[in-house]
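**Q** Submitted below is the structure of interest, expressed as structure tokens.
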Amino acid sequence: MSNFVEGVEGFDWDAIEGGNAGSREELTAKYDKSLSTIVENEVTEGEVISINKREVVVNVGSKSDGIVSRSEFRYNPDLKIGDKVEVYIENREDKKGQLVLSHKKARAMRSWDKVNEALEKDEVIKGYIKCRTKGGMIVDVFGIEAFLPGSQIDVKPIRDYDIFVGKTMEFKIVKINSEFRNVVVSHKALIEAELEQQKKEIISKLEKGQVLEGTVKNITSYGVFIDLGGVDGLIHITDLSWGRVSHPEEIVQLDQKINVVILDFDDDKKRIALGLKQLTPHPWDALSQEVKVGDKVKGKVVVMADYGAFVEIAPGVEGLIHVSEMSWSQHLRSAQDFLKVGEEVEAQVLTLDREERKMSLGIKQLHQDPWADIEVRYPVGSKHTATVRNFTNFGVFAEIEEGVDGLIHISDLSWTKKIKHPNEFTSIGEKIDVVVLEIDKEQRRLSLGHKQLEENPWDVFETIFTVDSVHEGTITAIVDKGAIIALPYGIEGFATPRHLTKEDGSQAKVDEKLPFKVIEFNKGAKRIILSHSRTFEAEKAGEATERKARPAAKKSAPAAKKFEAAHEATTLGDITELAALKSQLEANEKKN
């Protein structure tokens with residue numbers, strides 16, 4: 001300072017001091033004494049006297065002011081003139097005579113003391129969020145890089161971390177690892193402390209039926225969590241809307257503010273059940289009074305089950321179409337065979353209970369009942385083509401049209417084949433020709449026949465396989481009581497063991513082809529009893545018996561030959577041919 005005074009030309013000290021020669025030295029000493037003692041490489045406190053975009057000017061009580069880079073105060077955007085700041089004396093005087101200071105180094109030298117003190121005293125500190133890192137953020141606290149976990153930023157889940165970068169926020173130090181020089185801070189801890197107090201106040205005032213404003217905090221498949229100001233409540237998916245909801249996202253969005261009503265809570269008020277749909281009138285109350293049983297309504301299928309479909313005819317108003325009301329058919333079928341979710345349908349109201357809020361609907365009622373005029377459309381004796389729908393041990397269920405089916409008894413499938421189970425004769429889904437045998441309108445049943453479409457061949461067999469006539473047969477099976485013999489024209493006969501004895505005394509075996517004599521013919525029971533033994537016993541008994549048997553066989557030979565030809569052409573023969581053959585046989589018998 002003395003150099004500065006001496007360098008001022010024309011300054012008359014004698015005039016100022018009144019000729020006192022010692023005043024100059026005294027004044028200089030007093031001024032030097034008024035300045036702070038500045039020691040390099042130490043930390044001191046200064047006052048901000050000027051701020052611009054690049055620099056911060058700090059007065060530390062020295063002859064000259066110090067300059068600090070503005071970037072060193074980035075963590076504190078609220079810095080203003082007059083603030084007290086700590087600075088590190090790097091150089092008392094550079095080449096330009098400027099005092100060189102560092103705020104960053106000052107903070108670093110005292111940072112660990114401050115960090116530990118803040119943790120011990122549970123103090124709230126400020127920090128500058130520098131950048132993102134894996135799992136959270138990096139925060140500048142007292143010049144130390146501290147870690148802020150993502151879960152400690154806020155009480156609610158954070159979806160966008162970038163919006164916090166560059167912000168100065170308040171934190172609490174929650175953990176220090178001196179060995180690794182790690183510091184963990186939390187902003188959530190501050191919020192939780194505030195929310196805890198709010199939570200106590202809110203919980204103390206909770207009442208069922210109370211309407212509160214809340215914020216959508218989280219959305220799950222089963223419901224929505226609402227933040228009521230520090231207290232969370234759940235709106236179950238069924239309480240979001242009077243209508244069907246597939247997922248809560250159809251109704252609400254994250255961070256949306258909505259009004260909710262308290263439905264229930266436990267004794268500790270930790271579980272709070274909320275409702276949204278309860279804030280609006282029930283749709284059934286708004287359903288037009290004009291809707292009544294018998295009316296036709298339109299709606300959309302919203303839910304499918306095996307037993308039926310739920311159809312929404314208005315938002316929140318549904319009716320059930322039971323599977324039995326979807327078709328006049330009596331066959332057991334699943335509702336999925338008729339409808340699917342999202343399908344628009346028209347139905348008739350069958351029942352309506354406004355108090356219970358229940359409605360049943362029907363689709364089949366929109367079409368005429370096929371049994372109403374069954375006698376006219378399917379009279380007894382009429383012939384039709386049906387579809388095989390199901391089997392039982394005793395017959396075949398065949399459907400002539402949707403809702404009209406009948407039973408073909410196993411005995412009415414074939415005149416000649418002995419059928420143990422219907423699947424030997426036909427298959428499910430196949431077409432089969434039938435004739436209506438009987439109608440039971442009250443029970444909605446038809447008795448159908450298949451074999452009746454052809455002439456009964458046993459009327460012809462009766463004239464061919466006469467008693468004592470001899471025919472060639474092949475033994476197809478040996479059973480307990482005898483043997484099964486395959487005869488011409490696809491029919492079978494039976495012989496007991498006694499009648500299977502051959503002329504040499506041995507017993508006939510399977511696959512042997514032998515002559516057999518008819519000893520019994522029963523058309524009603526479709527039974528033919530045969531004997532091989534009688535064929536050679538007759539010869540031994542005498543010529544008379546032989547002559548008696550042969551004419552019958554000879555007499556039936558032409559008819560048999562003609563029947564065989566017809567059988568080869570049409571299996572059982574054409575109905576007309578069978579009838580003609582029968583008439584010719586009867587005429588021959590009369591003539592003989």
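Letters A, B, ... mark the chains of the structure tokens in the order given; residue numbers begin at 1 per chain; ligand numbers begin at 1, in order shown.
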Residues near segment 263-277 of chain A, anyone? I mean within 6 Å using only C-alpha atoms, not counting same-chain ones fewer than 6 positions away, as an MDAnalysis selection string.
**A** chainID A and resid 208 233:235 239:242
**Q** Suppose we keep all heavy atoms; can you now write the selection as a compact mmCIF listing (two decimals), in the first residue's frame?
**A**
```txt
# COMPACT_ATOMS: atom_id res chain seq x y z
N LYS A 208 -65.34 -44.65 6.31
CA LYS A 208 -65.95 -45.35 5.18
C LYS A 208 -66.94 -44.42 4.50
O LYS A 208 -67.72 -43.73 5.15
CB LYS A 208 -66.66 -46.62 5.65
CG LYS A 208 -65.70 -47.69 6.16
CD LYS A 208 -66.46 -48.94 6.59
CE LYS A 208 -65.48 -49.98 7.13
NZ LYS A 208 -66.18 -51.21 7.59
N GLY A 233 -53.79 -46.64 -1.03
CA GLY A 233 -55.00 -47.46 -1.05
C GLY A 233 -55.07 -48.21 -2.35
O GLY A 233 -54.41 -47.85 -3.34
N LEU A 234 -55.86 -49.27 -2.40
CA LEU A 234 -55.99 -50.11 -3.60
C LEU A 234 -57.42 -50.09 -4.13
O LEU A 234 -58.37 -50.33 -3.38
CB LEU A 234 -55.59 -51.56 -3.28
CG LEU A 234 -55.84 -52.58 -4.40
CD1 LEU A 234 -54.94 -52.29 -5.60
CD2 LEU A 234 -55.61 -54.00 -3.90
N ILE A 235 -57.53 -49.80 -5.42
CA ILE A 235 -58.81 -49.98 -6.12
C ILE A 235 -58.73 -51.31 -6.84
O ILE A 235 -57.96 -51.46 -7.79
CB ILE A 235 -59.09 -48.87 -7.15
CG1 ILE A 235 -58.94 -47.49 -6.55
CG2 ILE A 235 -60.49 -49.04 -7.74
CD1 ILE A 235 -59.09 -46.36 -7.56
N ASP A 239 -63.70 -52.84 -8.86
CA ASP A 239 -64.28 -51.59 -8.35
C ASP A 239 -63.89 -50.39 -9.19
O ASP A 239 -64.12 -49.25 -8.79
CB ASP A 239 -63.84 -51.36 -6.90
CG ASP A 239 -64.49 -52.35 -5.95
OD1 ASP A 239 -65.70 -52.56 -6.07
OD2 ASP A 239 -63.78 -52.93 -5.10
N LEU A 240 -63.31 -50.64 -10.37
CA LEU A 240 -62.94 -49.54 -11.27
C LEU A 240 -64.12 -49.07 -12.11
O LEU A 240 -64.29 -47.88 -12.36
CB LEU A 240 -61.80 -49.98 -12.19
CG LEU A 240 -60.40 -50.01 -11.58
CD1 LEU A 240 -59.42 -50.67 -12.53
CD2 LEU A 240 -59.92 -48.61 -11.24
N SER A 241 -64.93 -50.02 -12.56
CA SER A 241 -66.03 -49.68 -13.47
C SER A 241 -67.17 -50.66 -13.29
O SER A 241 -66.96 -51.82 -12.90
CB SER A 241 -65.54 -49.70 -14.93
OG SER A 241 -66.61 -49.58 -15.83
N TRP A 242 -68.38 -50.20 -13.56
CA TRP A 242 -69.54 -51.09 -13.51
C TRP A 242 -69.50 -52.10 -14.65
O TRP A 242 -70.08 -53.17 -14.55
CB TRP A 242 -70.84 -50.28 -13.59
CG TRP A 242 -71.10 -49.42 -12.39
CD1 TRP A 242 -71.13 -48.06 -12.35
CD2 TRP A 242 -71.37 -49.86 -11.05
NE1 TRP A 242 -71.39 -47.61 -11.07
CE2 TRP A 242 -71.55 -48.71 -10.25
CE3 TRP A 242 -71.48 -51.12 -10.45
CZ2 TRP A 242 -71.84 -48.77 -8.89
CZ3 TRP A 242 -71.77 -51.18 -9.09
CH2 TRP A 242 -71.94 -50.03 -8.33
```
**Q** Find the spatial neighbours of segment 197-199 of chain A, counting only C-alpha atoms, within a cut-off of 9 Å - ignore same-chain residues fewer than 6 positions away - and output them as JSON, numbers by chain.
**A** {"A": [228, 229, 230, 231]}
**Q** Would you kindly return, as a PyMOL selection string, each protein, DNA or RNA residue with an atom no farther than 10 Å from any atom of segment 135-146 of chain A, considering only C-alpha atoms and excluding same-chain residues fewer than 4 positions away?
**A** chain A and resi 72-75+103-115+125-131+150-153+161-162+164-169+171+173+175-176+181-186
**Q** Name the closest residue to Leu79 of chain A among the candidates A:Asp65, A:Glu430, A:Glu47, A:Asp412; distances are taken between atoms, counting only C-alpha atoms.
**A**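 For Leu79 of chain A, the nearest of the given residues is A:Glu47.
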**Q** Would you mind reading off the distance between atom CA of Lys383 of chain A and atom CA of Asp337 of chain A, one decimal, in Å?
**A**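 Taking atom CA of Lys383 of chain A and atom CA of Asp337 of chain A, their separation equals 29.0 Å.
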**Q** Near segment 290-302 of chain A, within 8 Å and counting only C-alpha atoms, which residues show up once chain neighbours fewer than 6 positions away are dropped, as a list in words?
**A**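 Final neighbour list, sorted by chain and number: Arg244, Ala309, Phe310, Val311, Glu312, Ile313, Ala314, Leu339, Lys340, Val341, Gly342, Glu343, Glu344, Val345, Glu346, Ala347, Gln348, Val349, Leu350, Thr351 and Leu352 of chain A.
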**Q** Could you save the residues just selected, with all heavy atoms, as a compact mmCIF listing (two decimals), in the first residue's frame?
**A**
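Below is the file that was written, result18.txt:
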```txt
# COMPACT_ATOMS: atom_id res chain seq x y z
N ARG A 244 -67.32 -54.52 -17.61
CA ARG A 244 -66.21 -55.46 -17.56
C ARG A 244 -64.91 -54.73 -17.91
O ARG A 244 -64.85 -53.94 -18.85
CB ARG A 244 -66.42 -56.61 -18.55
CG ARG A 244 -67.65 -57.46 -18.25
CD ARG A 244 -67.31 -58.58 -17.30
NE ARG A 244 -68.49 -59.40 -17.00
CZ ARG A 244 -68.45 -60.51 -16.31
NH1 ARG A 244 -67.31 -60.97 -15.83
NH2 ARG A 244 -69.55 -61.21 -16.06
N ALA A 309 -72.81 -67.55 -22.16
CA ALA A 309 -72.11 -66.32 -22.53
C ALA A 309 -72.77 -65.13 -21.85
O ALA A 309 -74.00 -65.06 -21.77
CB ALA A 309 -72.13 -66.13 -24.05
N PHE A 310 -71.95 -64.20 -21.35
CA PHE A 310 -72.47 -62.97 -20.76
C PHE A 310 -72.43 -61.88 -21.84
O PHE A 310 -71.39 -61.62 -22.43
CB PHE A 310 -71.64 -62.55 -19.56
CG PHE A 310 -71.84 -63.44 -18.36
CD1 PHE A 310 -71.02 -64.54 -18.15
CD2 PHE A 310 -72.87 -63.20 -17.46
CE1 PHE A 310 -71.21 -65.37 -17.07
CE2 PHE A 310 -73.06 -64.02 -16.37
CZ PHE A 310 -72.24 -65.12 -16.17
N VAL A 311 -73.58 -61.26 -22.04
CA VAL A 311 -73.73 -60.25 -23.09
C VAL A 311 -74.04 -58.91 -22.44
O VAL A 311 -74.96 -58.80 -21.62
CB VAL A 311 -74.85 -60.63 -24.07
CG1 VAL A 311 -75.06 -59.53 -25.11
CG2 VAL A 311 -74.52 -61.95 -24.76
N GLU A 312 -73.24 -57.89 -22.77
CA GLU A 312 -73.45 -56.55 -22.24
C GLU A 312 -74.37 -55.79 -23.18
O GLU A 312 -74.00 -55.46 -24.31
CB GLU A 312 -72.11 -55.84 -22.10
CG GLU A 312 -72.20 -54.51 -21.36
CD GLU A 312 -70.83 -53.87 -21.17
OE1 GLU A 312 -70.15 -53.63 -22.19
OE2 GLU A 312 -70.44 -53.63 -20.02
N ILE A 313 -75.58 -55.48 -22.70
CA ILE A 313 -76.55 -54.77 -23.54
C ILE A 313 -76.48 -53.26 -23.31
O ILE A 313 -77.02 -52.49 -24.10
CB ILE A 313 -77.98 -55.29 -23.31
CG1 ILE A 313 -78.43 -54.98 -21.88
CG2 ILE A 313 -78.06 -56.78 -23.59
CD1 ILE A 313 -79.91 -55.23 -21.66
N ALA A 314 -75.82 -52.86 -22.21
CA ALA A 314 -75.54 -51.46 -21.91
C ALA A 314 -74.35 -51.47 -20.95
O ALA A 314 -74.11 -52.47 -20.29
CB ALA A 314 -76.77 -50.79 -21.26
N LEU A 339 -70.77 -68.95 -29.87
CA LEU A 339 -70.41 -67.53 -29.77
C LEU A 339 -68.94 -67.37 -29.40
O LEU A 339 -68.30 -68.31 -28.94
CB LEU A 339 -71.28 -66.84 -28.71
CG LEU A 339 -72.79 -66.83 -28.96
CD1 LEU A 339 -73.51 -66.27 -27.74
CD2 LEU A 339 -73.15 -66.02 -30.19
N LYS A 340 -68.44 -66.14 -29.56
CA LYS A 340 -67.07 -65.81 -29.13
C LYS A 340 -67.06 -64.39 -28.58
O LYS A 340 -67.94 -63.56 -28.89
CB LYS A 340 -66.09 -65.95 -30.29
CG LYS A 340 -66.35 -65.07 -31.49
CD LYS A 340 -65.29 -65.32 -32.55
CE LYS A 340 -65.51 -64.45 -33.79
NZ LYS A 340 -66.72 -64.81 -34.53
N VAL A 341 -66.06 -64.08 -27.74
CA VAL A 341 -65.95 -62.78 -27.10
C VAL A 341 -65.81 -61.68 -28.16
O VAL A 341 -65.07 -61.82 -29.12
CB VAL A 341 -64.74 -62.75 -26.14
CG1 VAL A 341 -64.51 -61.35 -25.60
CG2 VAL A 341 -64.95 -63.71 -24.98
N GLY A 342 -66.55 -60.60 -27.95
CA GLY A 342 -66.50 -59.47 -28.87
C GLY A 342 -67.57 -59.51 -29.94
O GLY A 342 -67.79 -58.52 -30.64
N GLU A 343 -68.25 -60.64 -30.08
CA GLU A 343 -69.27 -60.79 -31.12
C GLU A 343 -70.54 -60.03 -30.75
O GLU A 343 -70.99 -60.05 -29.61
CB GLU A 343 -69.58 -62.27 -31.31
CG GLU A 343 -70.54 -62.58 -32.45
CD GLU A 343 -70.74 -64.06 -32.66
OE1 GLU A 343 -70.03 -64.86 -32.01
OE2 GLU A 343 -71.63 -64.43 -33.46
N GLU A 344 -71.09 -59.33 -31.74
CA GLU A 344 -72.36 -58.63 -31.55
C GLU A 344 -73.50 -59.62 -31.79
O GLU A 344 -73.51 -60.33 -32.80
CB GLU A 344 -72.48 -57.45 -32.52
CG GLU A 344 -71.41 -56.38 -32.34
CD GLU A 344 -71.66 -55.51 -31.13
OE1 GLU A 344 -72.81 -55.52 -30.62
OE2 GLU A 344 -70.71 -54.83 -30.69
N VAL A 345 -74.46 -59.66 -30.85
CA VAL A 345 -75.55 -60.63 -30.97
C VAL A 345 -76.89 -59.95 -30.69
O VAL A 345 -76.95 -58.91 -30.03
CB VAL A 345 -75.37 -61.82 -30.00
CG1 VAL A 345 -74.13 -62.59 -30.33
CG2 VAL A 345 -75.34 -61.34 -28.56
N GLU A 346 -77.94 -60.58 -31.20
CA GLU A 346 -79.30 -60.17 -30.89
C GLU A 346 -79.94 -61.29 -30.10
O GLU A 346 -79.75 -62.47 -30.41
CB GLU A 346 -80.10 -59.88 -32.16
CG GLU A 346 -81.49 -59.33 -31.88
CD GLU A 346 -82.25 -58.99 -33.16
OE1 GLU A 346 -82.02 -59.68 -34.17
OE2 GLU A 346 -83.07 -58.05 -33.13
N ALA A 347 -80.66 -60.95 -29.06
CA ALA A 347 -81.25 -61.97 -28.20
C ALA A 347 -82.59 -61.49 -27.68
O ALA A 347 -82.96 -60.32 -27.82
CB ALA A 347 -80.32 -62.30 -27.04
N GLN A 348 -83.30 -62.43 -27.08
CA GLN A 348 -84.61 -62.12 -26.49
C GLN A 348 -84.51 -62.20 -24.97
O GLN A 348 -83.86 -63.09 -24.42
CB GLN A 348 -85.66 -63.11 -26.99
CG GLN A 348 -87.07 -62.82 -26.49
CD GLN A 348 -88.10 -63.76 -27.10
OE1 GLN A 348 -87.91 -64.24 -28.20
NE2 GLN A 348 -89.17 -64.04 -26.37
N VAL A 349 -85.14 -61.24 -24.28
CA VAL A 349 -85.13 -61.23 -22.82
C VAL A 349 -86.07 -62.33 -22.32
O VAL A 349 -87.26 -62.32 -22.61
CB VAL A 349 -85.58 -59.86 -22.27
CG1 VAL A 349 -85.58 -59.88 -20.75
CG2 VAL A 349 -84.66 -58.76 -22.78
N LEU A 350 -85.51 -63.28 -21.56
CA LEU A 350 -86.30 -64.39 -21.04
C LEU A 350 -86.76 -64.12 -19.60
O LEU A 350 -87.91 -64.39 -19.26
CB LEU A 350 -85.48 -65.69 -21.09
CG LEU A 350 -84.95 -66.10 -22.47
CD1 LEU A 350 -84.20 -67.41 -22.37
CD2 LEU A 350 -86.08 -66.20 -23.48
N THR A 351 -85.83 -63.62 -18.77
CA THR A 351 -86.19 -63.24 -17.39
C THR A 351 -85.50 -61.92 -17.07
O THR A 351 -84.44 -61.61 -17.60
CB THR A 351 -85.74 -64.30 -16.36
OG1 THR A 351 -84.31 -64.40 -16.36
CG2 THR A 351 -86.35 -65.66 -16.68
N LEU A 352 -86.13 -61.14 -16.16
CA LEU A 352 -85.58 -59.84 -15.80
C LEU A 352 -85.91 -59.55 -14.34
O LEU A 352 -87.07 -59.51 -13.95
CB LEU A 352 -86.18 -58.75 -16.70
CG LEU A 352 -85.73 -57.31 -16.46
CD1 LEU A 352 -84.23 -57.19 -16.69
CD2 LEU A 352 -86.48 -56.35 -17.38
```
**Q** Using only C-alpha atoms, determine which residues lie at most 12 Å from Ser102 of chain A, disregarding the query and same-chain residues fewer than 2 positions distant; provide the list as a VMD selection string.
**A** chain A and resid 40 to 46 55 to 58 66 to 73 85 to 92 99 to 100 104 to 109 143
**Q** With C-alpha atoms retained, export the selected residues as a PDB file, in the first residue's frame.
**A**
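Result file out.pdb:
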```pdb
ATOM      1  CA  GLU A  40      -0.942 -19.591   1.707  1.00  0.00           C
ATOM      2  CA  ASN A  41      -2.237 -23.183   1.626  1.00  0.00           C
ATOM      3  CA  GLU A  42      -4.817 -22.536   4.293  1.00  0.00           C
ATOM      4  CA  VAL A  43      -8.587 -22.257   4.284  1.00  0.00           C
ATOM      5  CA  THR A  44     -10.270 -19.013   5.192  1.00  0.00           C
ATOM      6  CA  GLU A  45     -13.694 -17.487   4.901  1.00  0.00           C
ATOM      7  CA  GLY A  46     -14.523 -14.727   2.457  1.00  0.00           C
ATOM      8  CA  GLU A  55     -15.972 -15.662 -12.132  1.00  0.00           C
ATOM      9  CA  VAL A  56     -16.900 -15.012  -8.540  1.00  0.00           C
ATOM     10  CA  VAL A  57     -14.987 -12.207  -6.741  1.00  0.00           C
ATOM     11  CA  VAL A  58     -14.382 -12.932  -3.061  1.00  0.00           C
ATOM     12  CA  GLY A  66      -9.565 -13.090  -4.949  1.00  0.00           C
ATOM     13  CA  ILE A  67     -11.067 -14.654  -8.057  1.00  0.00           C
ATOM     14  CA  VAL A  68     -12.805 -18.074  -8.042  1.00  0.00           C
ATOM     15  CA  SER A  69     -14.104 -19.848 -11.172  1.00  0.00           C
ATOM     16  CA  ARG A  70     -17.908 -19.788 -11.333  1.00  0.00           C
ATOM     17  CA  SER A  71     -17.878 -23.519 -12.184  1.00  0.00           C
ATOM     18  CA  GLU A  72     -16.728 -24.277  -8.642  1.00  0.00           C
ATOM     19  CA  PHE A  73     -20.085 -22.986  -7.389  1.00  0.00           C
ATOM     20  CA  VAL A  85     -17.894 -18.895   1.364  1.00  0.00           C
ATOM     21  CA  GLU A  86     -14.811 -20.868   2.277  1.00  0.00           C
ATOM     22  CA  VAL A  87     -11.789 -20.545   0.015  1.00  0.00           C
ATOM     23  CA  TYR A  88      -8.344 -22.091  -0.113  1.00  0.00           C
ATOM     24  CA  ILE A  89      -5.380 -19.677  -0.473  1.00  0.00           C
ATOM     25  CA  GLU A  90      -3.414 -21.029  -3.385  1.00  0.00           C
ATOM     26  CA  ASN A  91      -1.211 -17.964  -4.018  1.00  0.00           C
ATOM     27  CA  ARG A  92      -1.117 -14.622  -2.226  1.00  0.00           C
ATOM     28  CA  LEU A  99      -4.833 -13.206  -5.023  1.00  0.00           C
ATOM     29  CA  VAL A 100      -5.516 -16.789  -6.266  1.00  0.00           C
ATOM     30  CA  LYS A 104     -13.276 -26.441  -4.570  1.00  0.00           C
ATOM     31  CA  LYS A 105     -10.119 -27.243  -2.598  1.00  0.00           C
ATOM     32  CA  ALA A 106     -11.512 -25.551   0.478  1.00  0.00           C
ATOM     33  CA  ARG A 107     -14.607 -27.712   0.301  1.00  0.00           C
ATOM     34  CA  ALA A 108     -12.557 -30.864  -0.272  1.00  0.00           C
ATOM     35  CA  MET A 109     -10.338 -30.212   2.748  1.00  0.00           C
ATOM     36  CA  GLY A 143     -17.120 -31.386  -2.952  1.00  0.00           C
TER      37      GLY A 143
END
```
**Q** Give me the residues near segment 448-459 of chain A as a VMD selection string, where near means some atom within 7 Å (using only C-alpha atoms) and where sequence neighbours in that chain fewer than 4 positions away do not count.
**A** chain A and resid 406 to 408 412 to 415 433 to 437 523 572 575 578
**Q** Give the strand (DSSP E or B) residues of segment 28-144 of chain A, as assigned by DSSP on the backbone, as a PyMOL selection string.
**A** chain A and resi 43-51+55-59+66-69+84-91+99-102+124-133+136-141+144
**Q** Can you tell me, as a list in words, what residues are no more than 8 Å from Phe397 of chain A when counting only C-alpha atoms, ignoring any on the same chain fewer than 2 positions away?
**A** Val388, Arg389, Asn390, Phe391, Thr392, Gly395, Glu399, Asp405, Gly406, Leu407 and Ile408 of chain A
**Q** Could those residues be written to a file, using C-alpha atoms, as a short mmCIF file (atom, residue, chain, number, x, y, z; two decimals), in the first residue's frame?
**A**
```cif
data_model
loop_
_atom_site.label_atom_id
_atom_site.label_comp_id
_atom_site.auth_asym_id
_atom_site.auth_seq_id
_atom_site.Cartn_x
_atom_site.Cartn_y
_atom_site.Cartn_z
CA VAL A 388 -74.62 -89.31 -36.95
CA ARG A 389 -74.03 -87.31 -33.73
CA ASN A 390 -73.46 -89.85 -30.99
CA PHE A 391 -73.36 -93.55 -30.08
CA THR A 392 -74.78 -95.56 -27.22
CA GLY A 395 -78.19 -97.35 -30.88
CA GLU A 399 -79.69 -85.31 -36.33
CA ASP A 405 -82.76 -85.68 -33.91
CA GLY A 406 -83.80 -89.22 -33.19
CA LEU A 407 -82.58 -92.64 -32.18
CA ILE A 408 -81.87 -95.51 -34.53
#
```
**Q** Compare A:Leu148, A:Leu206, A:Ala483, A:Val510 by their minimum atom-to-atom distance to Pro497 of chain A, counting only C-alpha atoms, and give me the closest one.
**A**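 Among the listed residues, the smallest separation from Pro497 of chain A belongs to A:Ala483.
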**Q** Between atom CA of Arg527 of chain A and atom CA of Gly493 of chain A, what distance in Å does the model show, to one decimal?
**A**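 Straight-line distance from atom CA of Arg527 of chain A to atom CA of Gly493 of chain A works out to 6.8 Å.
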**Q** Provide the atom CA of Glu325 of chain A to atom CA of Asp285 of chain A distance in Å, to one decimal place.
**A**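 Calculated distance between atom CA of Glu325 of chain A and atom CA of Asp285 of chain A is 26.5 Å.
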